[in-house]
Every structure is written in structure tokens, then in C-alpha cells.
Amino acid sequence: MANWTLTYSHDAHCTITGTATQTVASGASGSEVVAVASTGYRFVQWSDGVATAARTDLNVTANLSVAAISAAIISDIPTTYTRATLADYMLDLIGPVGVSLGWVAASLGEAVNDALILAGVSSVGDLTVSKSRVCAAVAIWRRVVAHTAGDCAFSADGLSMSRQQVNDMARTQLAAAKIDAMNAGYMLTVGVECEDGQYNPYVYNADAQI
């Protein structure tokens with residue numbers, strides 16, 4: 001009977017309780033593992049989309065390798081924004097993903113521009129705080145999706161995930177950000193995603209919403 005390996009890893013701001021590497025007979029179940037976020041961070045999800053910090057994989061019929069993903073708890077949300085503070089906020093939203101991509105706030109000028117386009121304004125000063133937050137989330141996760149398309153693997157600062165795993169996670173976060181924006185009442189005309197997965201905020205679809 002075949003044996004399968006379950007491998008549970010984590011990013012730089014998360015740990016795993018339980019057995020991180022398990023060998024399981026075909027059709028059997030693994031033992032429970034729990035992702036525990038560090039102080040100041042929260043568990044987001046596993047890289048395969050499982051949303052609960054505790055997981056037990058049942059009826060195992062293949063090898064599994066997943067990573068726990070965390071994000072910073074943003075307690076000091078600005079009450080007003082400049083381009084710089086909006087970029088800082090975006091970088092906080094994506095946590096270790098931004099570090100792995102080598103991004104710093106100063107490099108997110110285009111992401112800030114995307115947020116302004118989504119909000120339908122020409123300057124940060126024209127944004128309300130609530131609109132800043134929801135448009136920033138959509139803009140930055142779209143940019144992560146665009147920059148992680150492809151098969152190239154990478155790992156930095158403890159984010160031991162393939163580029164595809166990061167891309168899948170970013171798409172999940174983007175979907176959640178879109179829902180938050182729509183729930184906040186922002187039915188915005190936005191750019192479109194091209195066939196190669198790249199997002200172009202300057203190509204408009206008059207019938208599109210977030």
C-alpha cells in the first residue's frame with residue numbers, strides 16, 4: 001500500500017503546532033495541525049484555500065504540501081491619507097507577500113494610481129477614508145495577482161510557497177476585497193484583466209463593475 005507525505009509549512013509570522021511532516025497510508029487520515037499567528041498578525045488561510053487555522057486532512061490519496069499564510073493586524077488605520085500613507089497601508093495589507101516580491105512602499109506608486117482610478121478620483125485628497133481602504137485592497141491584490149502569474153518558484157523571508165500558491169492566495173484575497181468594496185456600496189467601473197492574467201487598469205469596460 002502506498003504511503004503519502006503531508007507537509008505543512010508557514011510564513012515568517014506564523015508557526016505550526018502538531019506534526020509538520022506526516023507520512024500517511026493511502027486512504028488514511030493525517031493528524032491535526034494548527035497555524036498560530038505571531039503577535040500583531042492574524043491567520044489568513046492555507047495556501048490551498050482552507051480557511052480554518054486547524055486542519056486534519058482525511059482520506060489522503062496524494063502528497064500534500066501547503067503553507068499557512070498570515071497578515072498584519074492593522075490597528076492604526078489612518079484617518080486621512082497621503083500617497084505615502086496609502087502606499088504604506090497597501091504594503092501592510094499584503095504582509096510577507098510584499099517582502100517576498102521585494103516591494104517597498106516607495107515602489108507602489110502605480111498601485112496608488114490604480115486605487116485612484118478605481119475610486120474615480122484624480123488625487124488622494126479626494127478620497128474618503130472608507131473608499132481609500134476598499135479601493136486600496138482591490139488595487140494591491142490585483143497587482144499581486146499580476147506579478148505572480150507564471151510557474152517560477154520563489155521563497156523569501158520565510159514565505160515558503162511557490163509562485164502559483166501565492167497567485168492562488170492573491171486571487172482569493174482579491175475576491176474578498178471585491179466583495180468588501182461592493183458591500184460598502186462602491187459599484188465602480190474598473191479596468192479589465194487581459195488574457196495573459198495581467199491587469200491593465202487603463203483598459204475600461206463600460207459595463208464592468210469591481
# chains A, B, ... in the order shown; residues from 1 in each chain; ligands from 1
$ residues_around --residues "A:Leu86" --least-positions-apart "5" --cutoff "12 Å" --atoms "only C-alpha atoms" --output "tab-separated table (two decimals) with N, CA and C atoms, in the first residue's frame"
chain	number	residue	atom	x	y	z
A	77	ILE	N	-5.19	52.47	11.54
A	77	ILE	CA	-5.64	52.82	10.19
A	77	ILE	C	-5.69	54.33	10.10
A	78	PRO	N	-5.02	54.92	9.11
A	78	PRO	CA	-5.00	56.38	9.02
A	78	PRO	C	-6.40	56.96	8.90
A	79	THR	N	-6.60	58.12	9.49
A	79	THR	CA	-7.88	58.81	9.35
A	79	THR	C	-7.89	59.73	8.13
A	80	THR	N	-6.73	60.06	7.63
A	80	THR	CA	-6.59	60.75	6.36
A	80	THR	C	-5.42	60.10	5.62
A	81	TYR	N	-5.38	60.29	4.31
A	81	TYR	CA	-4.34	59.66	3.52
A	81	TYR	C	-3.56	60.68	2.70
A	91	LEU	N	0.96	48.11	1.61
A	91	LEU	CA	2.04	47.17	1.93
A	91	LEU	C	1.70	46.37	3.18
A	92	ASP	N	1.07	47.01	4.17
A	92	ASP	CA	0.64	46.29	5.37
A	92	ASP	C	-0.41	45.24	5.04
A	93	LEU	N	-1.30	45.55	4.09
A	93	LEU	CA	-2.37	44.62	3.74
A	93	LEU	C	-1.83	43.29	3.24
A	105	ALA	N	7.11	50.52	0.11
A	105	ALA	CA	6.04	51.49	-0.11
A	105	ALA	C	6.38	52.45	-1.24
A	106	ALA	N	7.64	52.83	-1.33
A	106	ALA	CA	8.04	53.80	-2.35
A	106	ALA	C	7.89	53.25	-3.77
A	108	LEU	N	5.25	51.54	-4.82
A	108	LEU	CA	3.85	51.24	-5.08
A	108	LEU	C	3.08	52.42	-5.68
A	109	GLY	N	3.80	53.31	-6.35
A	109	GLY	CA	3.14	54.46	-6.96
A	109	GLY	C	2.06	54.07	-7.95
A	110	GLU	N	2.32	53.04	-8.76
A	110	GLU	CA	1.32	52.62	-9.75
A	110	GLU	C	0.12	51.99	-9.06
A	111	ALA	N	0.35	51.29	-7.95
A	111	ALA	CA	-0.77	50.71	-7.21
A	111	ALA	C	-1.65	51.83	-6.63
A	112	VAL	N	-1.03	52.89	-6.13
A	112	VAL	CA	-1.80	54.05	-5.64
A	112	VAL	C	-2.61	54.65	-6.79
A	113	ASN	N	-1.99	54.78	-7.96
A	113	ASN	CA	-2.71	55.29	-9.12
A	113	ASN	C	-3.90	54.40	-9.46
A	114	ASP	N	-3.70	53.07	-9.38
A	114	ASP	CA	-4.80	52.14	-9.66
A	114	ASP	C	-5.96	52.36	-8.69
A	115	ALA	N	-5.64	52.57	-7.40
A	115	ALA	CA	-6.68	52.80	-6.40
A	115	ALA	C	-7.47	54.06	-6.72
A	116	LEU	N	-6.78	55.11	-7.17
A	116	LEU	CA	-7.46	56.35	-7.54
A	116	LEU	C	-8.37	56.13	-8.74
A	123	SER	N	-7.01	62.56	-7.20
A	123	SER	CA	-5.99	62.75	-6.18
A	123	SER	C	-6.41	62.07	-4.89
A	124	VAL	N	-5.43	61.73	-4.05
A	124	VAL	CA	-5.70	61.07	-2.78
A	124	VAL	C	-6.58	61.96	-1.90
A	125	GLY	N	-6.39	63.27	-2.00
A	125	GLY	CA	-7.18	64.18	-1.19
A	125	GLY	C	-8.67	64.13	-1.45
A	127	LEU	N	-10.32	61.31	-1.83
A	127	LEU	CA	-10.83	60.04	-1.33
A	127	LEU	C	-11.41	60.19	0.07
A	128	THR	N	-12.50	59.49	0.34
A	128	THR	CA	-12.92	59.29	1.72
A	128	THR	C	-12.09	58.16	2.30
A	129	VAL	N	-12.02	58.07	3.62
A	129	VAL	CA	-11.22	57.01	4.25
A	129	VAL	C	-11.76	55.64	3.90
A	131	LYS	N	-13.51	54.70	1.29
A	131	LYS	CA	-13.25	54.39	-0.12
A	131	LYS	C	-11.77	54.08	-0.33
A	132	SER	N	-10.90	54.81	0.40
A	132	SER	CA	-9.46	54.54	0.30
A	132	SER	C	-9.17	53.09	0.65
A	133	ARG	N	-9.76	52.62	1.73
A	133	ARG	CA	-9.46	51.27	2.22
A	133	ARG	C	-9.92	50.20	1.25
A	134	VAL	N	-11.15	50.28	0.77
A	134	VAL	CA	-11.65	49.21	-0.10
A	134	VAL	C	-10.99	49.25	-1.47
A	135	CYS	N	-10.75	50.45	-2.00
A	135	CYS	CA	-10.12	50.54	-3.32
A	135	CYS	C	-8.65	50.15	-3.24
A	136	ALA	N	-7.99	50.48	-2.14
A	136	ALA	CA	-6.59	50.08	-1.96
A	136	ALA	C	-6.46	48.57	-1.93
A	137	ALA	N	-7.38	47.88	-1.24
A	137	ALA	CA	-7.32	46.42	-1.15
A	137	ALA	C	-7.48	45.78	-2.52
A	139	ALA	N	-6.90	47.19	-5.44
A	139	ALA	CA	-5.77	47.55	-6.29
A	139	ALA	C	-4.53	46.74	-5.97
A	140	ILE	N	-4.20	46.58	-4.69
A	140	ILE	CA	-2.94	45.92	-4.35
A	140	ILE	C	-3.01	44.42	-4.59
$ closest_residue --among "A:Ser100, A:Thr172, A:Ser47, A:Thr82" --to "A:Ser65" --atoms "only C-alpha atoms"
A:Ser47
$ residues_around --residues "stretch 51-55 of chain A" --least-positions-apart "6" --cutoff "12 Å" --atoms "only C-alpha atoms" --output "ChimeraX atom specification"
/A:6,8,10,14-20,29-37,42-45,66-70,169,172-173
$ closest_residue --among "A:Ala84, A:Val166, A:Val60, A:Val50" --to "A:Asp11" --atoms "only C-alpha atoms"
A:Val166
$ atom_distance --atom1 "atom CA of A:Gly40" --atom2 "atom CA of A:Asn167"
24.1 Å
$ atom_distance --atom1 "atom CA of A:Gln164" --atom2 "atom CA of A:Thr148"
6.9 Å
$ decode --residues "stretch 80-102 of chain A" --atoms "N, CA and C atoms" --output "mmCIF file, in the first residue's frame"
data_model
loop_
_atom_site.group_PDB
_atom_site.id
_atom_site.type_symbol
_atom_site.label_atom_id
_atom_site.label_comp_id
_atom_site.auth_asym_id
_atom_site.auth_seq_id
_atom_site.Cartn_x
_atom_site.Cartn_y
_atom_site.Cartn_z
ATOM 1 N N THR A 80 -6.725 60.056 7.634
ATOM 2 C CA THR A 80 -6.587 60.750 6.356
ATOM 3 C C THR A 80 -5.425 60.103 5.618
ATOM 4 N N TYR A 81 -5.376 60.293 4.313
ATOM 5 C CA TYR A 81 -4.336 59.656 3.519
ATOM 6 C C TYR A 81 -3.561 60.676 2.696
ATOM 7 N N THR A 82 -2.274 60.398 2.556
ATOM 8 C CA THR A 82 -1.459 60.980 1.507
ATOM 9 C C THR A 82 -1.082 59.823 0.597
ATOM 10 N N ARG A 83 -0.419 60.099 -0.502
ATOM 11 C CA ARG A 83 0.044 58.997 -1.353
ATOM 12 C C ARG A 83 0.962 58.065 -0.558
ATOM 13 N N ALA A 84 1.803 58.622 0.295
ATOM 14 C CA ALA A 84 2.741 57.800 1.061
ATOM 15 C C ALA A 84 2.032 56.926 2.077
ATOM 16 N N THR A 85 1.068 57.477 2.814
ATOM 17 C CA THR A 85 0.378 56.666 3.820
ATOM 18 C C THR A 85 -0.523 55.626 3.164
ATOM 19 N N LEU A 86 -1.082 55.941 1.990
ATOM 20 C CA LEU A 86 -1.886 54.944 1.282
ATOM 21 C C LEU A 86 -1.002 53.794 0.803
ATOM 22 N N ALA A 87 0.198 54.099 0.322
ATOM 23 C CA ALA A 87 1.136 53.050 -0.085
ATOM 24 C C ALA A 87 1.549 52.198 1.118
ATOM 25 N N ASP A 88 1.813 52.828 2.267
ATOM 26 C CA ASP A 88 2.146 52.076 3.483
ATOM 27 C C ASP A 88 1.008 51.139 3.866
ATOM 28 N N TYR A 89 -0.207 51.638 3.767
ATOM 29 C CA TYR A 89 -1.380 50.828 4.102
ATOM 30 C C TYR A 89 -1.480 49.617 3.176
ATOM 31 N N MET A 90 -1.253 49.817 1.899
ATOM 32 C CA MET A 90 -1.283 48.706 0.941
ATOM 33 C C MET A 90 -0.226 47.667 1.286
ATOM 34 N N LEU A 91 0.962 48.106 1.610
ATOM 35 C CA LEU A 91 2.039 47.174 1.934
ATOM 36 C C LEU A 91 1.698 46.369 3.177
ATOM 37 N N ASP A 92 1.071 47.007 4.171
ATOM 38 C CA ASP A 92 0.644 46.288 5.374
ATOM 39 C C ASP A 92 -0.408 45.237 5.039
ATOM 40 N N LEU A 93 -1.295 45.554 4.091
ATOM 41 C CA LEU A 93 -2.370 44.623 3.741
ATOM 42 C C LEU A 93 -1.830 43.286 3.242
ATOM 43 N N ILE A 94 -0.751 43.308 2.473
ATOM 44 C CA ILE A 94 -0.263 42.070 1.861
ATOM 45 C C ILE A 94 0.839 41.406 2.679
ATOM 46 N N GLY A 95 1.301 42.055 3.741
ATOM 47 C CA GLY A 95 2.225 41.429 4.679
ATOM 48 C C GLY A 95 3.459 40.833 4.023
ATOM 49 N N PRO A 96 3.804 39.566 4.366
ATOM 50 C CA PRO A 96 5.039 38.958 3.870
ATOM 51 C C PRO A 96 5.062 38.728 2.364
ATOM 52 N N VAL A 97 3.899 38.761 1.716
ATOM 53 C CA VAL A 97 3.887 38.621 0.259
ATOM 54 C C VAL A 97 4.663 39.773 -0.375
ATOM 55 N N GLY A 98 4.455 40.978 0.130
ATOM 56 C CA GLY A 98 5.178 42.128 -0.398
ATOM 57 C C GLY A 98 6.674 42.020 -0.201
ATOM 58 N N VAL A 99 7.078 41.477 0.961
ATOM 59 C CA VAL A 99 8.500 41.280 1.228
ATOM 60 C C VAL A 99 9.088 40.295 0.231
ATOM 61 N N SER A 100 8.382 39.210 -0.019
ATOM 62 C CA SER A 100 8.878 38.195 -0.946
ATOM 63 C C SER A 100 8.998 38.720 -2.362
ATOM 64 N N LEU A 101 8.128 39.666 -2.719
ATOM 65 C CA LEU A 101 8.193 40.262 -4.047
ATOM 66 C C LEU A 101 9.214 41.389 -4.117
ATOM 67 N N GLY A 102 9.797 41.753 -2.969
ATOM 68 C CA GLY A 102 10.783 42.822 -2.945
ATOM 69 C C GLY A 102 10.174 44.204 -3.012
#
